[in-house]
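Data from my_file-v3.cif: mmCIF, C-alpha atoms
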```
data_query
#
loop_
_atom_site.label_atom_id
_atom_site.label_comp_id
_atom_site.auth_asym_id
_atom_site.auth_seq_id
_atom_site.Cartn_x
_atom_site.Cartn_y
_atom_site.Cartn_z
CA MET A 5 -5.78 -30.15 54.01
CA LYS A 6 -4.75 -26.50 53.68
CA ALA A 7 -2.91 -26.66 56.99
CA LYS A 8 -1.01 -29.76 55.82
CA LEU A 9 -0.11 -28.01 52.59
CA LEU A 10 1.14 -24.93 54.41
CA ILE A 11 3.25 -27.14 56.69
CA ALA A 12 4.65 -28.91 53.61
CA ALA A 13 5.43 -25.54 52.01
CA ALA A 14 6.97 -24.26 55.24
CA VAL A 15 9.28 -27.30 55.33
CA PHE A 16 9.96 -27.63 51.61
CA LEU A 17 10.72 -24.02 50.65
CA PRO A 18 13.41 -23.37 53.33
CA VAL A 19 15.00 -26.76 52.54
CA MET A 20 15.10 -25.81 48.86
CA ALA A 21 16.41 -22.35 49.69
CA LEU A 22 19.13 -23.73 51.96
CA GLY A 23 19.98 -26.74 49.80
CA LEU A 24 20.24 -24.81 46.57
CA PRO A 25 23.37 -22.75 47.29
CA ALA A 26 25.13 -25.77 48.81
CA GLY A 27 24.40 -27.87 45.74
CA LEU A 28 25.41 -25.20 43.28
CA LEU A 29 28.55 -24.12 45.07
CA ALA A 30 29.60 -27.76 45.50
CA GLN A 31 29.82 -28.01 41.72
CA GLU A 32 31.68 -24.74 41.27
CA THR A 33 35.14 -23.59 42.23
CA PRO A 34 35.53 -23.05 46.02
CA THR A 35 36.00 -19.29 45.61
CA ALA A 36 33.05 -17.95 43.66
CA THR A 37 33.63 -14.66 41.86
CA PRO A 38 31.04 -11.83 42.11
CA LEU A 39 29.83 -12.74 38.60
CA GLU A 40 29.30 -16.38 39.64
CA MET A 41 27.41 -15.22 42.73
CA ARG A 42 25.19 -13.11 40.50
CA HIS A 43 24.49 -16.19 38.35
CA PHE A 44 23.64 -18.08 41.52
CA TRP A 45 21.15 -15.42 42.65
CA HIS A 46 19.39 -15.50 39.30
CA VAL A 47 19.02 -19.30 39.52
CA PHE A 48 17.78 -18.95 43.10
CA VAL A 49 15.17 -16.31 42.20
CA ALA A 50 13.98 -18.31 39.15
CA TYR A 51 13.38 -21.53 41.12
CA THR A 52 11.98 -19.79 44.21
CA PHE A 53 9.53 -17.75 42.12
CA ALA A 54 8.42 -20.91 40.29
CA TRP A 55 7.60 -22.60 43.60
CA ILE A 56 5.83 -19.56 45.00
CA LEU A 57 3.62 -19.42 41.89
CA LEU A 58 2.79 -23.13 42.01
CA PHE A 59 2.05 -23.11 45.75
CA GLY A 60 -0.01 -19.96 45.29
CA TRP A 61 -2.18 -21.67 42.71
CA VAL A 62 -2.66 -24.76 44.90
CA VAL A 63 -3.63 -22.58 47.88
CA SER A 64 -6.13 -20.64 45.74
CA ILE A 65 -7.75 -23.95 44.63
CA LEU A 66 -7.93 -25.18 48.24
CA LYS A 67 -9.55 -21.87 49.27
CA ARG A 68 -12.22 -22.53 46.65
CA PHE A 69 -12.86 -25.97 48.17
CA ARG A 70 -13.22 -24.41 51.61
CA ARG A 71 -15.66 -21.79 50.32
CA VAL A 72 -17.81 -24.48 48.67
CA GLU A 73 -17.72 -26.61 51.83
CA GLU A 74 -18.92 -23.62 53.86
CA LYS A 75 -21.67 -22.99 51.34
CA LEU A 76 -22.78 -26.64 51.45
CA ASN A 77 -22.76 -26.68 55.25
CA MET B 22 -15.87 -38.62 35.81
CA SER B 23 -17.21 -38.71 39.36
CA LEU B 24 -15.79 -36.53 42.16
CA ARG B 25 -14.40 -39.66 43.83
CA SER B 26 -12.45 -40.72 40.72
CA ILE B 27 -11.20 -37.12 40.30
CA ARG B 28 -9.93 -37.23 43.90
CA GLN B 29 -8.15 -40.56 43.34
CA SER B 30 -6.58 -39.34 40.07
CA VAL B 31 -5.40 -36.12 41.73
CA LEU B 32 -3.78 -38.09 44.56
CA ILE B 33 -1.99 -40.52 42.23
CA LEU B 34 -0.90 -37.90 39.67
CA GLY B 35 -0.02 -35.41 42.42
CA PHE B 36 2.20 -37.91 44.21
CA LEU B 37 3.90 -38.90 40.94
CA GLY B 38 4.28 -35.28 39.81
CA VAL B 39 5.74 -34.06 43.11
CA SER B 40 8.11 -37.08 43.33
CA LEU B 41 9.40 -36.52 39.80
CA THR B 42 9.70 -32.78 40.48
CA LEU B 43 11.86 -33.47 43.53
CA LEU B 44 13.93 -35.87 41.41
CA PHE B 45 14.45 -33.30 38.66
CA HIS B 46 15.42 -30.65 41.23
CA TRP B 47 17.99 -33.07 42.65
CA MET B 48 19.27 -33.69 39.11
CA VAL B 49 19.46 -29.95 38.37
CA PHE B 50 21.36 -29.02 41.55
CA PHE B 51 23.44 -32.12 42.30
CA TRP B 52 23.75 -34.37 39.23
CA VAL B 53 23.77 -32.62 35.84
CA SER B 54 27.07 -31.16 34.62
CA THR B 55 27.61 -27.38 34.49
CA GLU B 56 27.54 -25.89 31.01
CA ALA B 57 31.00 -24.58 30.02
CA THR B 58 30.05 -21.15 28.59
CA LEU B 59 26.99 -20.10 30.61
CA GLY B 60 27.97 -21.72 33.91
CA ILE B 61 25.42 -22.03 36.72
CA SER B 62 22.87 -19.80 35.00
CA GLN B 63 22.26 -22.50 32.37
CA ARG B 64 20.31 -24.37 35.08
CA ILE B 65 17.50 -21.83 34.69
CA PHE B 66 16.94 -23.45 31.27
CA TYR B 67 15.34 -26.55 32.87
CA ILE B 68 12.44 -24.70 34.53
CA HIS B 69 12.20 -22.16 31.70
CA VAL B 70 11.64 -24.85 29.05
CA ALA B 71 9.50 -27.04 31.34
CA GLY B 72 7.33 -24.03 32.27
CA MET B 73 6.82 -22.96 28.66
CA TRP B 74 6.16 -26.55 27.52
CA THR B 75 3.53 -27.27 30.20
CA GLY B 76 2.00 -23.85 29.62
CA MET B 77 1.63 -24.52 25.89
CA LEU B 78 0.26 -28.00 26.57
CA ALA B 79 -2.36 -26.47 28.87
CA PHE B 80 -3.30 -23.92 26.18
CA ILE B 81 -3.75 -26.76 23.66
CA VAL B 82 -6.12 -28.43 26.19
CA VAL B 83 -7.97 -25.08 26.42
CA ALA B 84 -8.33 -25.00 22.61
CA VAL B 85 -9.61 -28.58 22.37
CA CYS B 86 -12.09 -28.10 25.25
CA SER B 87 -13.22 -24.74 23.84
CA ALA B 88 -13.89 -26.22 20.39
CA MET B 89 -15.78 -29.14 21.94
CA TYR B 90 -17.74 -26.78 24.20
CA LEU B 91 -18.87 -24.73 21.20
CA TRP B 92 -20.01 -27.97 19.57
CA LEU B 93 -21.54 -29.93 22.50
CA ARG B 94 -22.40 -27.11 24.97
CA ASP B 95 -21.35 -29.30 27.89
CA ASP B 96 -20.44 -27.23 30.98
CA ARG B 97 -17.84 -29.79 32.06
CA LEU B 98 -15.76 -28.98 28.96
CA ASP B 99 -15.86 -25.30 29.86
CA GLN B 100 -14.77 -26.14 33.42
CA ILE B 101 -11.81 -28.22 32.16
CA GLY B 102 -10.87 -25.43 29.72
CA ARG B 103 -10.97 -22.84 32.49
CA ALA B 104 -8.87 -25.04 34.80
CA ALA B 105 -6.33 -25.65 32.03
CA ALA B 106 -6.17 -21.90 31.25
CA GLU B 107 -5.35 -21.14 34.89
CA GLY B 108 -2.67 -23.86 34.87
CA GLY B 109 -1.28 -22.61 31.59
CA LEU B 110 -1.02 -19.06 32.95
CA VAL B 111 0.82 -20.24 36.08
CA PHE B 112 3.32 -22.45 34.22
CA PHE B 113 3.77 -19.89 31.44
CA ALA B 114 4.45 -17.24 34.11
CA VAL B 115 7.21 -19.50 35.46
CA GLY B 116 8.75 -19.70 31.98
CA LEU B 117 8.28 -15.97 31.32
CA THR B 118 10.05 -14.97 34.54
CA ALA B 119 12.83 -17.59 34.31
CA GLY B 120 13.64 -16.49 30.73
CA PRO B 121 14.55 -12.85 31.54
CA LEU B 122 16.56 -13.98 34.59
CA TRP B 123 18.71 -16.05 32.23
CA ALA B 124 18.67 -13.43 29.44
CA ARG B 125 20.08 -10.72 31.75
CA LEU B 126 23.21 -12.84 32.19
CA ALA B 127 23.46 -14.27 28.66
CA TRP B 128 22.30 -11.32 26.54
CA GLY B 129 22.91 -8.44 28.96
CA THR B 130 19.25 -7.40 28.91
CA TRP B 131 16.14 -8.54 30.80
CA TRP B 132 13.83 -8.28 27.81
CA THR B 133 13.92 -7.61 24.10
CA TRP B 134 10.96 -7.31 21.74
CA GLU B 135 12.04 -10.15 19.48
CA PRO B 136 9.41 -12.47 17.89
CA ARG B 137 9.39 -15.42 20.31
CA LEU B 138 9.37 -13.31 23.47
CA THR B 139 6.71 -10.98 22.10
CA LEU B 140 4.46 -13.84 20.95
CA SER B 141 4.86 -15.61 24.32
CA LEU B 142 3.90 -12.49 26.26
CA LEU B 143 0.97 -11.96 23.88
CA ALA B 144 -0.23 -15.54 24.54
CA TRP B 145 -0.11 -14.92 28.30
CA PHE B 146 -2.25 -11.79 27.98
CA ILE B 147 -4.71 -13.54 25.62
CA TYR B 148 -5.36 -16.25 28.24
CA ILE B 149 -5.86 -13.62 30.93
CA GLY B 150 -8.48 -12.25 28.55
CA TYR B 151 -9.95 -15.76 28.22
CA LEU B 152 -10.57 -15.79 32.00
CA LEU B 153 -11.69 -12.16 32.30
CA VAL B 154 -14.21 -12.19 29.45
CA ARG B 155 -16.46 -14.56 31.42
CA GLY B 156 -17.24 -11.88 33.95
CA ALA B 157 -17.70 -9.18 31.32
CA THR B 158 -21.16 -10.35 30.21
CA GLU B 159 -24.42 -10.36 32.18
CA ASN B 160 -25.36 -13.77 30.83
CA PRO B 161 -22.86 -16.42 32.06
CA GLU B 162 -23.59 -18.67 29.06
CA LYS B 163 -22.60 -15.85 26.70
CA GLY B 164 -19.39 -15.35 28.69
CA LYS B 165 -18.53 -19.02 28.33
CA THR B 166 -19.15 -18.85 24.58
CA PHE B 167 -16.95 -15.74 24.18
CA ALA B 168 -14.22 -17.42 26.23
CA ALA B 169 -14.43 -20.58 24.09
CA VAL B 170 -14.08 -18.54 20.90
CA ILE B 171 -10.97 -16.84 22.35
CA GLY B 172 -9.67 -20.27 23.43
CA VAL B 173 -9.91 -21.59 19.87
CA ILE B 174 -8.48 -18.49 18.12
CA ALA B 175 -5.62 -18.14 20.66
CA ALA B 176 -4.37 -21.63 19.76
CA VAL B 177 -3.06 -20.24 16.45
CA ASN B 178 -0.37 -18.45 18.46
CA ILE B 179 1.01 -21.64 20.04
CA PRO B 180 2.74 -23.20 16.96
CA LEU B 181 3.82 -19.68 15.95
CA ILE B 182 5.76 -19.36 19.22
CA HIS B 183 7.61 -22.59 18.41
CA VAL B 184 8.49 -21.75 14.78
CA SER B 185 9.16 -18.03 15.35
CA VAL B 186 12.87 -18.67 16.00
CA LEU B 187 13.13 -20.52 12.68
CA TRP B 188 11.01 -18.18 10.56
CA PHE B 189 12.26 -14.82 11.81
CA ARG B 190 15.63 -13.36 12.72
CA SER B 191 15.68 -13.99 16.44
CA LEU B 192 17.93 -13.49 19.45
CA HIS B 193 16.32 -16.46 21.22
CA PRO B 194 18.24 -19.75 20.93
CA GLU B 195 16.84 -22.28 18.43
CA PRO B 196 15.12 -25.45 19.76
CA VAL B 197 17.56 -27.93 21.32
CA VAL B 198 15.18 -30.83 22.03
CA VAL B 199 12.53 -30.86 19.27
CA ARG B 200 14.72 -30.69 16.14
CA GLN B 201 14.67 -32.45 12.78
CA ASP B 202 18.17 -33.88 13.34
CA GLY B 203 17.56 -34.94 16.94
CA PRO B 204 18.26 -33.28 20.31
CA ALA B 205 21.43 -31.16 20.50
CA LEU B 206 22.05 -31.61 24.23
CA PRO B 207 24.62 -33.76 26.07
CA PRO B 208 22.97 -36.96 27.45
CA ASP B 209 22.89 -35.86 31.13
CA MET B 210 21.31 -32.50 30.25
CA LEU B 211 18.79 -34.20 27.95
CA ILE B 212 17.79 -36.71 30.67
CA THR B 213 17.36 -33.86 33.19
CA MET B 214 15.34 -31.86 30.66
CA LEU B 215 13.06 -34.80 29.82
CA THR B 216 12.56 -35.59 33.53
CA ALA B 217 11.59 -31.96 34.12
CA LEU B 218 9.13 -32.04 31.21
CA LEU B 219 7.56 -35.29 32.42
CA ALA B 220 7.38 -34.09 36.05
CA TRP B 221 5.63 -30.82 35.28
CA THR B 222 3.35 -32.37 32.67
CA ILE B 223 2.06 -34.82 35.30
CA LEU B 224 1.88 -32.03 37.90
CA LEU B 225 -0.08 -29.88 35.45
CA PHE B 226 -2.67 -32.62 34.89
CA ALA B 227 -2.93 -33.25 38.65
CA LEU B 228 -3.53 -29.56 39.41
CA VAL B 229 -5.90 -29.05 36.47
CA LEU B 230 -7.93 -32.03 37.73
CA LEU B 231 -7.92 -30.56 41.25
CA ARG B 232 -9.16 -27.21 39.89
CA TYR B 233 -11.78 -29.03 37.78
CA GLY B 234 -12.93 -30.88 40.91
CA ALA B 235 -13.39 -27.53 42.68
CA ALA B 236 -15.39 -26.20 39.72
CA ARG B 237 -17.62 -29.31 39.71
CA LEU B 238 -18.27 -28.93 43.43
CA GLU B 239 -19.08 -25.22 43.00
CA ALA B 240 -21.55 -26.09 40.23
CA ARG B 241 -23.17 -28.72 42.45
CA ALA B 242 -23.47 -26.25 45.34
CA GLU B 243 -25.14 -23.74 43.02
CA GLU B 244 -27.58 -26.41 41.79
CA LEU B 245 -28.46 -27.32 45.39
CA ALA B 246 -28.97 -23.64 46.26
CA LEU B 247 -31.27 -23.25 43.25
CA ASP B 248 -33.23 -26.41 44.19
CA GLN B 249 -33.71 -25.11 47.74
CA GLY B 250 -34.82 -21.77 46.34
CA THR B 251 -37.51 -23.38 44.15
CA THR B 252 -38.82 -25.76 46.87
CA THR B 253 -39.21 -23.04 49.55
#
```
Just give me the structure of the file as structure tokens.
Amino acid sequence: MKAKLLIAAAVFLPVMALGLPAGLLAQETPTATPLEMRHFWHVFVAYTFAWILLFGWVVSILKRFRRVEEKLN
Amino acid sequence: MSLRSIRQSVLILGFLGVSLTLLFHWMVFFWVSTEATLGISQRIFYIHVAGMWTGMLAFIVVAVCSAMYLWLRDDRLDQIGRAAAEGGLVFFAVGLTAGPLWARLAWGTWWTWEPRLTLSLLAWFIYIGYLLVRGATENPEKGKTFAAVIGVIAAVNIPLIHVSVLWFRSLHPEPVVVRQDGPALPPDMLITMLTALLAWTILLFALVLLRYGAARLEARAEELALDQGTTT
């Protein structure tokens, strides 16, 4: 299960990271000013950090399951 | 609740939560209109509010479970409370990091010690204390009791965080969704916001159930180890 989750994270996070600038810039003017780029980076960091935290928590729970399984075996 | 029903609930809620989360991300990046004054950075608002909301909801679950644990002394209530506290800390951390990232652009500073921000940070540290206090006592039952007392007292802070912007002079914007005269957001932003709230609320319950399932399994493994110890 952990391996599946890591694969999902490995696919999902780069897609989010690559899709995010395209989506944001598509809604903005074609030539983004340095200030707009700074806004973009803040949005990128906020969403990326949110996903890292959530995935981190899920992985920590799955590690607990593995430890208990080992104990039971 | 058996381990099998926990597993089924986690799968259903997890699928629903992740699907709605993907939908709200699509809405945030491709559908919702860009706010005129703040521009792109306003999109941080959706995860900031959703993170704080789910965090507070989790802390309310902690308070209810803690109060019931003190009354009934049922270990399962303590396990749910602990799982909810972990979830609350994670989602609150999302809100607490997204906020300064927006504030730097809107206010020109990462952080200011104004009432809502200070009370939110205080809440986060209190729930870290809720988790740490368990290991601070030699008797685990005593640790659970101390944690439950903290869980109940800490709940006083939750409504204070919400009303702090109304009661005190504050730099933080006033509520835009939960207001006496209705939401003050354009329809597309409101729909995106509500989708985000629903998505992360479901995701929170799915992950809290998953964490609770792990705690139940750990407890069972300990019981089995004790049984083996007494029979040999």
Practice item. Show me which bits of chain B are within 10 Å of chain A, counting only C-alpha atoms, as number ranges by chain. Key: B: 43, 46-47, 49-55, 59-69, 72, 104, 107-108, 111-112, 114-123, 125-127, 224-225, 228-229, 231-236, 238-243, 245-246
**Study point:** Evaluate the PyMOL selection byres ((chain B and resi 100) around 9) and report residues as a ChimeraX atom specification
**Key:** /B:86,96-99,101-105,232-233,236-237
Practice item. In Å, rounded to a single decimal, give me how far atom CA of B:Ala144 is from atom CA of B:Leu192. Key: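 Separation between atom CA of B:Leu192 and atom CA of B:Ala144: 19.0 Å.
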Review point. Selected by the PyMOL selection byres ((chain B and resi 175) around 10) in the shown coordinates: which residues, as a ChimeraX atom specification?
Key: /B:80-81,83-84,143-145,147-148,151,169-174,176-179
Exercise for review: Excluding B:Ser30 and any residue of its chain fewer than 5 positions from it, enumerate the residues within 10 Å of it, using all atoms listed in the file, and give them as a list of chain:residue names.
Suggested key: B:Leu24, B:Arg25, B:Gly35, B:Phe36, B:Phe226, B:Ala227, B:Leu230, B:Leu231
Point to revise | Answer key for the PyMOL selection byres ((chain B and resi 201-216) around 7), residues as number ranges by chain | key: B: 45, 48-49, 53, 67, 197-200, 217-220
Atoms to include: C-alpha atoms. Write the selected residues as a compact mmCIF listing (two decimals), keeping the file's coordinate frame.
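Result went into again.txt, see below:
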```
# COMPACT_ATOMS: atom_id res chain seq x y z
CA PHE B 45 14.45 -33.30 38.66
CA MET B 48 19.27 -33.69 39.11
CA VAL B 49 19.46 -29.95 38.37
CA VAL B 53 23.77 -32.62 35.84
CA TYR B 67 15.34 -26.55 32.87
CA VAL B 197 17.56 -27.93 21.32
CA VAL B 198 15.18 -30.83 22.03
CA VAL B 199 12.53 -30.86 19.27
CA ARG B 200 14.72 -30.69 16.14
CA ALA B 217 11.59 -31.96 34.12
CA LEU B 218 9.13 -32.04 31.21
CA LEU B 219 7.56 -35.29 32.42
CA ALA B 220 7.38 -34.09 36.05
```
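Straight-line separation from atom CA of B:Thr158 to atom CA of B:Leu142: 25.5 Å.
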Exercise for review: Take atom CA of B:Ala106 and atom CA of B:Leu152 and report the distance between them in Å, one decimal.
Suggested key: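 Atom CA of B:Leu152 lies at a distance of 7.6 Å from atom CA of B:Ala106.
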Practice item. Determine the nearest neighbour of B:Leu153 from the options B:Leu41, B:Phe167, B:Thr133, B:Leu247, counting all atoms listed in the file. Key: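 So, comparing all the options, the nearest one is B:Phe167.
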